[in-house]
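What's in my_file19.cif: mmCIF, C-alpha atoms and all ligand atoms
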```cif
data_query
#
loop_
_atom_site.label_atom_id
_atom_site.label_comp_id
_atom_site.auth_asym_id
_atom_site.auth_seq_id
_atom_site.Cartn_x
_atom_site.Cartn_y
_atom_site.Cartn_z
CA MET A 1 -92.80 -58.78 -7.55
CA ASP A 2 -95.50 -56.45 -6.23
CA ILE A 3 -98.56 -56.88 -8.48
CA ARG A 4 -101.78 -55.30 -7.18
CA TYR A 5 -105.11 -56.33 -8.63
CA PHE A 6 -108.23 -54.14 -8.74
CA LYS A 7 -111.69 -54.71 -10.16
CA THR A 8 -112.40 -51.20 -11.46
CA LEU A 9 -110.08 -48.20 -11.60
CA ALA A 10 -110.32 -44.88 -13.38
CA SER A 11 -106.86 -45.46 -14.88
CA THR A 12 -104.14 -47.87 -13.77
CA ASN A 13 -101.58 -45.19 -14.73
CA ASP A 14 -103.12 -42.80 -12.19
CA THR A 15 -103.11 -45.37 -9.39
CA ALA A 16 -99.53 -46.41 -10.20
CA LYS A 17 -98.51 -42.74 -10.15
CA GLU A 18 -100.08 -42.20 -6.71
CA LEU A 19 -98.26 -45.24 -5.36
CA ALA A 20 -94.99 -44.08 -6.96
CA VAL A 21 -95.28 -40.69 -5.27
CA SER A 22 -95.79 -42.41 -1.92
CA GLY A 23 -92.57 -44.37 -2.39
CA ALA A 24 -93.51 -47.65 -4.11
CA LYS A 25 -90.61 -49.76 -5.34
CA GLU A 26 -89.59 -50.22 -8.95
CA PHE A 27 -91.69 -52.75 -10.92
CA LEU A 28 -94.78 -52.25 -8.78
CA THR A 29 -97.58 -53.18 -11.18
CA VAL A 30 -101.22 -52.11 -10.98
CA VAL A 31 -103.79 -54.27 -12.81
CA ALA A 32 -107.48 -53.53 -13.32
CA ASP A 33 -110.25 -55.70 -14.79
CA GLU A 34 -111.73 -52.55 -16.32
CA GLN A 35 -111.02 -48.81 -16.44
CA THR A 36 -113.60 -46.06 -16.41
CA LYS A 37 -111.22 -43.33 -17.59
CA GLY A 38 -108.57 -45.21 -19.52
CA ARG A 39 -106.22 -42.79 -21.26
CA GLY A 40 -104.44 -43.11 -24.56
CA ARG A 41 -101.70 -41.07 -26.15
CA MET A 42 -102.37 -37.49 -27.29
CA GLY A 43 -105.20 -37.06 -24.79
CA ARG A 44 -107.36 -39.77 -26.36
CA GLU A 45 -109.69 -42.07 -24.45
CA PHE A 46 -108.70 -45.73 -24.20
CA VAL A 47 -111.85 -47.83 -24.06
CA SER A 48 -111.21 -50.55 -21.47
CA PRO A 49 -114.08 -53.05 -21.06
CA ILE A 50 -113.80 -56.21 -18.95
CA GLY A 51 -111.78 -58.95 -20.64
CA GLY A 52 -108.67 -57.02 -21.72
CA ALA A 53 -105.31 -56.67 -19.97
CA TYR A 54 -104.91 -53.18 -18.44
CA PHE A 55 -101.86 -52.64 -16.30
CA SER A 56 -99.21 -50.09 -15.40
CA THR A 57 -95.67 -50.71 -14.20
CA LEU A 58 -93.44 -48.32 -12.29
CA LEU A 59 -89.81 -47.89 -13.36
CA ARG A 60 -87.21 -45.77 -11.61
CA PRO A 61 -84.58 -45.45 -14.34
CA THR A 62 -81.12 -44.19 -13.45
CA GLN A 63 -80.23 -43.38 -17.06
CA PRO A 64 -80.07 -39.66 -18.00
CA PHE A 65 -83.54 -38.28 -18.75
CA ASP A 66 -82.72 -37.75 -22.43
CA ARG A 67 -82.46 -41.57 -22.77
CA TRP A 68 -85.92 -42.21 -21.31
CA GLY A 69 -87.52 -41.92 -24.74
CA LEU A 70 -86.14 -45.40 -25.43
CA PHE A 71 -88.42 -46.97 -22.84
CA THR A 72 -91.47 -46.51 -25.05
CA PRO A 73 -90.18 -48.64 -27.93
CA PHE A 74 -88.63 -51.03 -25.40
CA ALA A 75 -92.06 -51.54 -23.83
CA ALA A 76 -93.49 -52.44 -27.25
CA TYR A 77 -90.65 -54.94 -27.70
CA ALA A 78 -91.48 -56.50 -24.30
CA VAL A 79 -95.17 -56.99 -25.13
CA ARG A 80 -94.38 -58.35 -28.59
CA ARG A 81 -91.93 -60.86 -27.11
CA ALA A 82 -94.45 -61.94 -24.46
CA LEU A 83 -97.20 -62.43 -27.04
CA LEU A 84 -94.87 -64.36 -29.29
CA ASP A 85 -93.89 -66.68 -26.39
CA LEU A 86 -97.46 -67.32 -25.26
CA THR A 87 -99.50 -67.26 -28.46
CA GLY A 88 -97.02 -67.81 -31.30
CA VAL A 89 -98.32 -64.61 -32.90
CA ALA A 90 -95.67 -62.02 -33.83
CA PRO A 91 -97.40 -58.62 -34.00
CA ASP A 92 -96.14 -55.82 -36.22
CA ILE A 93 -95.06 -52.64 -34.49
CA LYS A 94 -96.33 -49.24 -35.55
CA TRP A 95 -93.88 -46.65 -34.22
CA VAL A 96 -93.70 -45.74 -31.49
CA ASN A 97 -95.50 -48.39 -29.56
CA ASP A 98 -98.69 -49.73 -31.10
CA LEU A 99 -98.85 -53.45 -31.78
CA LEU A 100 -100.88 -54.61 -34.76
CA VAL A 101 -102.11 -58.00 -35.91
CA GLU A 102 -103.40 -58.16 -39.48
CA GLY A 103 -103.38 -54.38 -39.56
CA LYS A 104 -105.54 -53.96 -36.45
CA LYS A 105 -104.29 -52.50 -33.18
CA ILE A 106 -104.22 -55.03 -30.35
CA CYS A 107 -102.05 -53.11 -27.88
CA GLY A 108 -101.42 -49.49 -26.97
CA ILE A 109 -98.84 -48.20 -24.50
CA LEU A 110 -98.85 -44.93 -22.59
CA ALA A 111 -95.57 -43.80 -20.99
CA GLU A 112 -95.80 -40.98 -18.42
CA SER A 113 -92.81 -39.61 -16.53
CA SER A 114 -92.24 -37.42 -13.53
CA LEU A 115 -88.95 -35.77 -12.64
CA ASP A 116 -87.99 -34.11 -9.37
CA LYS A 117 -85.61 -31.16 -8.96
CA LYS A 118 -82.66 -33.41 -8.16
CA GLY A 119 -83.00 -35.19 -11.51
CA GLY A 120 -84.51 -38.32 -9.93
CA GLY A 121 -87.91 -39.46 -10.95
CA PHE A 122 -90.06 -42.25 -12.21
CA LEU A 123 -91.69 -43.58 -15.30
CA ILE A 124 -95.06 -45.27 -15.55
CA LEU A 125 -95.57 -47.63 -18.48
CA GLY A 126 -99.27 -48.32 -19.03
CA PHE A 127 -100.35 -51.21 -21.24
CA GLY A 128 -103.74 -51.93 -22.78
CA ILE A 129 -103.83 -55.28 -24.59
CA ASN A 130 -106.97 -56.52 -26.29
CA ILE A 131 -107.32 -60.21 -25.49
CA GLY A 132 -110.00 -62.76 -24.69
CA ASN A 133 -113.65 -61.99 -25.20
CA GLN A 134 -113.57 -58.25 -24.98
CA ASN A 135 -116.67 -56.43 -26.11
CA LEU A 136 -115.07 -53.60 -28.05
CA PRO A 137 -117.43 -50.91 -29.35
CA ALA A 138 -118.55 -51.47 -32.97
CA ALA A 139 -117.05 -48.09 -33.91
CA LEU A 140 -113.57 -49.52 -33.19
CA SER A 141 -113.98 -52.70 -35.22
CA GLU A 142 -112.29 -51.20 -38.32
CA THR A 143 -109.10 -50.33 -36.47
CA ALA A 144 -108.91 -52.44 -33.30
CA GLY A 145 -108.46 -56.18 -33.04
CA CYS A 146 -108.46 -58.71 -30.24
CA LEU A 147 -106.19 -61.72 -29.72
CA PRO A 148 -107.95 -64.97 -28.75
CA TYR A 149 -105.77 -65.53 -25.67
CA HIS A 150 -107.38 -65.91 -22.25
CA ASP A 151 -104.74 -66.02 -19.52
CA ARG A 152 -104.39 -62.33 -18.70
CA ASP A 153 -102.24 -62.80 -15.61
CA ALA A 154 -99.76 -65.08 -17.37
CA LEU A 155 -99.45 -62.47 -20.12
CA ILE A 156 -98.80 -59.69 -17.60
CA ARG A 157 -96.14 -61.79 -15.82
CA ARG A 158 -94.47 -62.52 -19.16
CA VAL A 159 -94.37 -58.83 -20.11
CA LEU A 160 -92.84 -58.09 -16.70
CA PHE A 161 -90.24 -60.80 -17.26
CA TYR A 162 -88.94 -58.83 -20.26
CA LEU A 163 -89.39 -55.37 -18.69
CA CYS A 164 -87.43 -56.33 -15.59
CA ASP A 165 -84.37 -56.97 -17.73
CA TYR A 166 -84.30 -53.37 -18.95
CA ARG A 167 -80.98 -52.33 -17.40
CA ARG A 168 -79.07 -55.10 -19.19
CA GLN A 169 -81.06 -54.62 -22.39
CA MET A 170 -80.40 -50.88 -22.48
CA GLN A 171 -76.67 -51.65 -22.39
CA SER A 172 -76.60 -54.20 -25.20
CA MET A 173 -79.42 -52.64 -27.25
CA HIS A 174 -79.97 -55.95 -29.12
CA TRP A 175 -83.71 -55.52 -28.60
CA LEU A 176 -83.70 -52.55 -30.98
CA ASP A 177 -82.84 -54.82 -33.93
CA GLU A 178 -85.85 -56.97 -33.11
CA TYR A 179 -87.98 -53.85 -32.75
CA ARG A 180 -86.84 -52.59 -36.17
CA SER A 181 -87.54 -55.91 -37.84
CA ALA A 182 -91.13 -55.81 -36.52
CA CYS A 183 -91.68 -52.34 -38.04
CA ALA A 184 -93.25 -53.51 -41.29
CA PHE A 185 -93.78 -49.90 -42.40
CA LEU A 186 -90.07 -49.12 -42.82
CA GLY A 187 -89.34 -48.27 -46.45
CA LYS A 188 -92.98 -47.36 -47.02
CA ARG A 189 -95.00 -44.20 -47.36
CA VAL A 190 -96.53 -43.10 -44.06
CA GLU A 191 -98.47 -40.11 -42.85
CA VAL A 192 -96.72 -38.26 -40.03
CA ILE A 193 -99.14 -36.70 -37.58
CA GLU A 194 -97.67 -33.65 -35.86
CA LYS A 195 -99.39 -31.21 -33.52
CA HIS A 196 -100.47 -28.74 -36.16
CA ARG A 197 -100.02 -30.60 -39.45
CA ARG A 198 -100.02 -33.94 -41.23
CA ARG A 199 -97.43 -34.78 -43.91
CA PHE A 200 -96.54 -37.80 -46.02
CA GLY A 201 -93.05 -39.19 -46.24
CA ILE A 202 -91.04 -42.39 -46.52
CA ALA A 203 -90.18 -44.02 -43.18
CA LEU A 204 -86.47 -44.79 -43.42
CA ASP A 205 -85.26 -46.22 -40.11
CA ILE A 206 -85.47 -46.26 -36.34
CA THR A 207 -82.38 -44.56 -34.89
CA GLU A 208 -80.37 -45.60 -31.83
CA THR A 209 -82.41 -43.15 -29.74
CA GLY A 210 -85.71 -44.67 -30.89
CA ALA A 211 -86.46 -41.77 -33.24
CA LEU A 212 -88.17 -42.34 -36.59
CA SER A 213 -86.09 -41.13 -39.48
CA VAL A 214 -88.31 -39.87 -42.33
CA CYS A 215 -87.82 -38.33 -45.75
CA PHE A 216 -90.78 -36.08 -46.47
CA GLU A 217 -92.22 -35.52 -49.93
CA ASP A 218 -90.46 -32.16 -50.24
CA ASP A 219 -87.15 -33.99 -49.57
CA GLU A 220 -86.81 -32.60 -46.04
CA ARG A 221 -85.37 -35.24 -43.72
CA ALA A 222 -86.20 -35.42 -40.04
CA GLU A 223 -85.64 -37.59 -37.01
CA LEU A 224 -88.86 -37.60 -35.01
CA GLN A 225 -88.34 -38.40 -31.35
CA GLY A 226 -92.05 -38.53 -30.57
CA GLY A 227 -95.35 -38.27 -32.35
CA GLU A 228 -97.44 -40.62 -34.37
CA ILE A 229 -97.75 -42.08 -37.84
CA SER A 230 -100.71 -43.37 -39.78
CA LEU A 231 -100.28 -46.34 -42.08
CA ARG A 232 -103.50 -45.72 -43.94
CA GLY A 233 -101.61 -43.99 -46.74
CA ALA A 234 -98.80 -46.56 -46.58
CA GLN A 235 -97.92 -48.31 -49.83
CA ALA A 236 -95.96 -51.49 -50.22
CA ASP A 237 -93.97 -50.47 -53.27
CA THR A 238 -92.64 -47.06 -52.39
CA PHE A 239 -89.13 -47.99 -51.24
CA ARG A 240 -86.63 -46.01 -53.27
CA HIS A 241 -82.99 -47.00 -53.20
CA ASN A 242 -81.81 -43.41 -53.50
CA LEU A 243 -83.30 -42.48 -50.12
C1 LIG B 1 -102.64 -45.55 -26.82
O1 LIG B 1 -102.83 -46.47 -27.61
O2 LIG B 1 -102.84 -44.36 -27.15
C2 LIG B 1 -102.12 -45.88 -25.46
C3 LIG B 1 -103.14 -46.65 -24.68
C4 LIG B 1 -102.66 -47.04 -23.30
C5 LIG B 1 -103.75 -47.67 -22.50
C6 LIG B 1 -103.27 -48.20 -21.18
S1 LIG B 1 -104.47 -49.21 -20.41
C7 LIG B 1 -103.56 -49.21 -18.93
C8 LIG B 1 -103.01 -47.81 -18.76
N1 LIG B 1 -103.97 -46.95 -18.10
C9 LIG B 1 -104.41 -45.98 -18.88
O3 LIG B 1 -105.23 -45.10 -18.56
N2 LIG B 1 -103.82 -46.05 -20.09
C10 LIG B 1 -102.88 -47.16 -20.14
#
```
Give the structure from the file, written as structure tokens.
Amino acid sequence: MDIRYFKTLASTNDTAKELAVSGAKEFLTVVADEQTKGRGRMGREFVSPIGGAYFSTLLRPTQPFDRWGLFTPFAAYAVRRALLDLTGVAPDIKWVNDLLVEGKKICGILAESSLDKKGGGFLILGFGINIGNQNLPAALSETAGCLPYHDRDALIRRVLFYLCDYRRQMQSMHWLDEYRSACAFLGKRVEVIEKHRRRFGIALDITETGALSVCFEDDERAELQGGEISLRGAQADTFRHNL
């Protein structure tokens, strides 16, 4: 397994992408002690001080491109499994791929793909896991948490152990049941954040393609393949059997 360690990088996703373009093999993994321009989803910054686990892994999937959306929830499954093995903690999953412990985010995942004209291409899965003695900014303390686990490299190897099995896992799809059971928000009221609007609805299920099936308050139903939800408006007692 080709794992390359750096002290400081702008973004491990960027370095992994450069190496992918110059022909690196599948599962190449780039690790940094800290990032100066860590990126999150939807153009957000991902604050990455020393102490956390920041790494990006290159995949070269042979599945049709319209199946690649499944790699994002699969990556969340892989991190959750690794954390469960090493710490005994079983994080909740907030669709698509945030991991939460006691309601606070401890891991974010950024998937970035590149396709060439022949339909080949690659996928970079970037992981930011808050562990150890990270000094997270005070402004994040309401929403972000940190797991008291100190062996970063063992954690990365464990995540890779699950990621490397993706071809078999994508055939059997058993992992999706485990993913669903970690989605504590299913059956609850969530806020769906779309590009130009925010709407409340009941989160019903995760489909076989990894989409979130939602029933909005005006009774419109949708299967969202990407996007984001907020659990701040989530309520425990909103499951309705007629949905
Ligand atoms: C999110 O929560 O919005 C996704 C955060 C992903 C952060 C990781 S840290 C390693 C990799 N490099 C980046 O610039 N981003 C990802």
Kindly provide, as number ranges by chain, all nucleotide and amino acid residues lying within 10 Å of ligand LIG 1 (chain B), counting all atoms listed in the file.
A: 9-16, 30-32, 34-48, 52-57, 96-99, 105-112, 124-130, 228
What would the list of residues within 7 Å of (-110.8, -61.2, -24.7) (file frame) look like as a PyMOL selection string, if all atoms listed in the file are what count?
chain A and resi 51-52+130-134+146-150
Quick one: of A:Tyr77, A:Tyr166, A:Trp95, A:Phe161, who's nearest to Ala184 of chain A, counting only C-alpha atoms?
A:Trp95
Selection: 8 Å around Cys183 of chain A, all atoms listed in the file, excl. self and same-chain fewer than 6 positions, as a PyMOL selection string:
chain A and resi 92-95
Residue among A:Val89, A:Glu142, A:Asp218, A:Met173 lying closest to Gly103 of chain A, counting all atoms listed in the file:
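Distance minimum relative to Gly103 of chain A lands on A:Glu142.
Ranking A:Asp219, A:Asp85, A:Asp116, A:Asp177 by their shortest atom-to-atom distance to Tyr162 of chain A, with all atoms listed in the file included, puts A:Asp85 first.
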Using atom CA of Lys188 of chain A and atom CA of Leu70 of chain A as the two end points, give the distance in Å to one decimal.
22.7 Å
Determine the nearest neighbour of Trp175 of chain A from the options A:Leu86, A:Leu163, A:Ile193, A:Leu155, counting all atoms listed in the file.
A:Leu163
Axis-aligned box over every listed atom of segment 17-33 of chain A, padded by 8 Å per side: centre and edges in Å to one decimal, as AutoDock Vina command-line options?
```
--center_x -99.9 --center_y -48.2 --center_z -8.4 --size_x 36.7 --size_y 31.0 --size_z 28.9
```
I'd like the contact shell of Leu204 of chain A - 12 Å cut-off, only C-alpha atoms, skipping same-chain residues fewer than 2 positions apart - returned as an NGL selection string.
:A and (95 or 180 or 183-190 or 201-202 or 206-207 or 211-216 or 221-224 or 238-243)
Would you kindly return, as a VMD selection string, each protein, DNA or RNA residue with an atom no farther than 10 Å from any atom of Arg158 of chain A, considering only C-alpha atoms and excluding same-chain residues fewer than 5 positions away?
chain A and resid 78 to 79 81 to 83 85 to 86 152 to 153 163
Nearest candidate to Arg157 of chain A (options A:Pro49, A:Phe6, A:Leu19, A:Met1; using all atoms listed in the file):
A:Met1
How many Å separate atom CA of Phe74 of chain A from atom CA of Ser172 of chain A?
12.4 Å
Could you please determine the separation between atom CA of Asp165 of chain A and atom CA of Ala75 of chain A in Å, to one decimal place?
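Pair atom CA of Asp165 of chain A / atom CA of Ala75 of chain A returns 11.2 Å.
Remark: for Lys17 of chain A, the closest of the candidate residues A:Trp68, A:Pro61, A:Ser114, A:Tyr5 is A:Ser114 (distances computed over only C-alpha atoms).
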What would segment 22-45 of chain A look like with N, CA, C and O atoms restored, written as a PDB file, keeping the file's coordinate frame?
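Result saved to rebuild-v7.pdb:
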```pdb
ATOM      1  N   SER A  22     -95.910 -42.071  -3.350  1.00  0.00           N
ATOM      2  CA  SER A  22     -95.790 -42.410  -1.920  1.00  0.00           C
ATOM      3  C   SER A  22     -94.696 -43.460  -1.678  1.00  0.00           C
ATOM      4  O   SER A  22     -94.701 -44.128  -0.653  1.00  0.00           O
ATOM      5  N   GLY A  23     -93.808 -43.626  -2.663  1.00  0.00           N
ATOM      6  CA  GLY A  23     -92.570 -44.370  -2.390  1.00  0.00           C
ATOM      7  C   GLY A  23     -92.546 -45.820  -2.849  1.00  0.00           C
ATOM      8  O   GLY A  23     -91.644 -46.557  -2.445  1.00  0.00           O
ATOM      9  N   ALA A  24     -93.502 -46.242  -3.664  1.00  0.00           N
ATOM     10  CA  ALA A  24     -93.510 -47.650  -4.110  1.00  0.00           C
ATOM     11  C   ALA A  24     -92.209 -48.002  -4.824  1.00  0.00           C
ATOM     12  O   ALA A  24     -91.560 -47.137  -5.427  1.00  0.00           O
ATOM     13  N   LYS A  25     -91.878 -49.289  -4.741  1.00  0.00           N
ATOM     14  CA  LYS A  25     -90.610 -49.760  -5.340  1.00  0.00           C
ATOM     15  C   LYS A  25     -90.762 -49.978  -6.846  1.00  0.00           C
ATOM     16  O   LYS A  25     -91.864 -50.208  -7.337  1.00  0.00           O
ATOM     17  N   GLU A  26     -89.615 -49.961  -7.515  1.00  0.00           N
ATOM     18  CA  GLU A  26     -89.590 -50.220  -8.950  1.00  0.00           C
ATOM     19  C   GLU A  26     -90.279 -51.554  -9.262  1.00  0.00           C
ATOM     20  O   GLU A  26     -90.167 -52.503  -8.487  1.00  0.00           O
ATOM     21  N   PHE A  27     -90.977 -51.582 -10.381  1.00  0.00           N
ATOM     22  CA  PHE A  27     -91.690 -52.750 -10.920  1.00  0.00           C
ATOM     23  C   PHE A  27     -93.030 -53.012 -10.240  1.00  0.00           C
ATOM     24  O   PHE A  27     -93.691 -54.000 -10.562  1.00  0.00           O
ATOM     25  N   LEU A  28     -93.408 -52.154  -9.278  1.00  0.00           N
ATOM     26  CA  LEU A  28     -94.780 -52.250  -8.780  1.00  0.00           C
ATOM     27  C   LEU A  28     -95.693 -52.234 -10.015  1.00  0.00           C
ATOM     28  O   LEU A  28     -95.505 -51.416 -10.928  1.00  0.00           O
ATOM     29  N   THR A  29     -96.680 -53.115 -10.023  1.00  0.00           N
ATOM     30  CA  THR A  29     -97.580 -53.180 -11.180  1.00  0.00           C
ATOM     31  C   THR A  29     -99.028 -53.151 -10.696  1.00  0.00           C
ATOM     32  O   THR A  29     -99.397 -53.865  -9.760  1.00  0.00           O
ATOM     33  N   VAL A  30     -99.812 -52.276 -11.325  1.00  0.00           N
ATOM     34  CA  VAL A  30    -101.220 -52.110 -10.980  1.00  0.00           C
ATOM     35  C   VAL A  30    -102.052 -52.676 -12.130  1.00  0.00           C
ATOM     36  O   VAL A  30    -101.865 -52.292 -13.281  1.00  0.00           O
ATOM     37  N   VAL A  31    -102.969 -53.600 -11.784  1.00  0.00           N
ATOM     38  CA  VAL A  31    -103.790 -54.270 -12.810  1.00  0.00           C
ATOM     39  C   VAL A  31    -105.249 -53.968 -12.513  1.00  0.00           C
ATOM     40  O   VAL A  31    -105.665 -53.994 -11.353  1.00  0.00           O
ATOM     41  N   ALA A  32    -106.045 -53.706 -13.528  1.00  0.00           N
ATOM     42  CA  ALA A  32    -107.480 -53.530 -13.320  1.00  0.00           C
ATOM     43  C   ALA A  32    -108.248 -54.389 -14.325  1.00  0.00           C
ATOM     44  O   ALA A  32    -107.829 -54.529 -15.478  1.00  0.00           O
ATOM     45  N   ASP A  33    -109.400 -54.932 -13.860  1.00  0.00           N
ATOM     46  CA  ASP A  33    -110.250 -55.700 -14.790  1.00  0.00           C
ATOM     47  C   ASP A  33    -110.875 -54.770 -15.826  1.00  0.00           C
ATOM     48  O   ASP A  33    -111.133 -55.167 -16.951  1.00  0.00           O
ATOM     49  N   GLU A  34    -111.176 -53.541 -15.383  1.00  0.00           N
ATOM     50  CA  GLU A  34    -111.730 -52.550 -16.320  1.00  0.00           C
ATOM     51  C   GLU A  34    -111.330 -51.156 -15.849  1.00  0.00           C
ATOM     52  O   GLU A  34    -111.008 -50.964 -14.676  1.00  0.00           O
ATOM     53  N   GLN A  35    -111.329 -50.211 -16.785  1.00  0.00           N
ATOM     54  CA  GLN A  35    -111.020 -48.810 -16.440  1.00  0.00           C
ATOM     55  C   GLN A  35    -112.192 -47.933 -16.885  1.00  0.00           C
ATOM     56  O   GLN A  35    -112.751 -48.138 -17.966  1.00  0.00           O
ATOM     57  N   THR A  36    -112.506 -46.965 -16.052  1.00  0.00           N
ATOM     58  CA  THR A  36    -113.600 -46.060 -16.410  1.00  0.00           C
ATOM     59  C   THR A  36    -113.097 -44.795 -17.111  1.00  0.00           C
ATOM     60  O   THR A  36    -113.847 -44.107 -17.778  1.00  0.00           O
ATOM     61  N   LYS A  37    -111.802 -44.505 -16.915  1.00  0.00           N
ATOM     62  CA  LYS A  37    -111.220 -43.330 -17.590  1.00  0.00           C
ATOM     63  C   LYS A  37    -109.863 -43.687 -18.172  1.00  0.00           C
ATOM     64  O   LYS A  37    -108.857 -42.994 -17.919  1.00  0.00           O
ATOM     65  N   GLY A  38    -109.827 -44.790 -18.906  1.00  0.00           N
ATOM     66  CA  GLY A  38    -108.570 -45.210 -19.520  1.00  0.00           C
ATOM     67  C   GLY A  38    -108.087 -44.130 -20.480  1.00  0.00           C
ATOM     68  O   GLY A  38    -108.871 -43.579 -21.250  1.00  0.00           O
ATOM     69  N   ARG A  39    -106.789 -43.845 -20.416  1.00  0.00           N
ATOM     70  CA  ARG A  39    -106.220 -42.790 -21.260  1.00  0.00           C
ATOM     71  C   ARG A  39    -105.312 -43.359 -22.321  1.00  0.00           C
ATOM     72  O   ARG A  39    -104.563 -44.306 -22.070  1.00  0.00           O
ATOM     73  N   GLY A  40    -105.371 -42.748 -23.502  1.00  0.00           N
ATOM     74  CA  GLY A  40    -104.440 -43.110 -24.560  1.00  0.00           C
ATOM     75  C   GLY A  40    -103.464 -41.985 -24.789  1.00  0.00           C
ATOM     76  O   GLY A  40    -103.453 -40.987 -24.056  1.00  0.00           O
ATOM     77  N   ARG A  41    -102.646 -42.126 -25.818  1.00  0.00           N
ATOM     78  CA  ARG A  41    -101.700 -41.070 -26.150  1.00  0.00           C
ATOM     79  C   ARG A  41    -102.458 -39.894 -26.730  1.00  0.00           C
ATOM     80  O   ARG A  41    -103.562 -40.034 -27.211  1.00  0.00           O
ATOM     81  N   MET A  42    -101.828 -38.729 -26.719  1.00  0.00           N
ATOM     82  CA  MET A  42    -102.370 -37.490 -27.290  1.00  0.00           C
ATOM     83  C   MET A  42    -103.760 -37.164 -26.745  1.00  0.00           C
ATOM     84  O   MET A  42    -104.647 -36.737 -27.492  1.00  0.00           O
ATOM     85  N   GLY A  43    -103.961 -37.437 -25.459  1.00  0.00           N
ATOM     86  CA  GLY A  43    -105.200 -37.060 -24.790  1.00  0.00           C
ATOM     87  C   GLY A  43    -106.422 -37.875 -25.198  1.00  0.00           C
ATOM     88  O   GLY A  43    -107.545 -37.510 -24.856  1.00  0.00           O
ATOM     89  N   ARG A  44    -106.206 -38.986 -25.914  1.00  0.00           N
ATOM     90  CA  ARG A  44    -107.360 -39.770 -26.360  1.00  0.00           C
ATOM     91  C   ARG A  44    -107.862 -40.685 -25.245  1.00  0.00           C
ATOM     92  O   ARG A  44    -107.126 -41.038 -24.325  1.00  0.00           O
ATOM     93  N   GLU A  45    -109.115 -41.101 -25.386  1.00  0.00           N
ATOM     94  CA  GLU A  45    -109.690 -42.070 -24.450  1.00  0.00           C
ATOM     95  C   GLU A  45    -109.202 -43.464 -24.847  1.00  0.00           C
ATOM     96  O   GLU A  45    -108.988 -43.728 -26.036  1.00  0.00           O
TER      97      GLU A  45
END
```
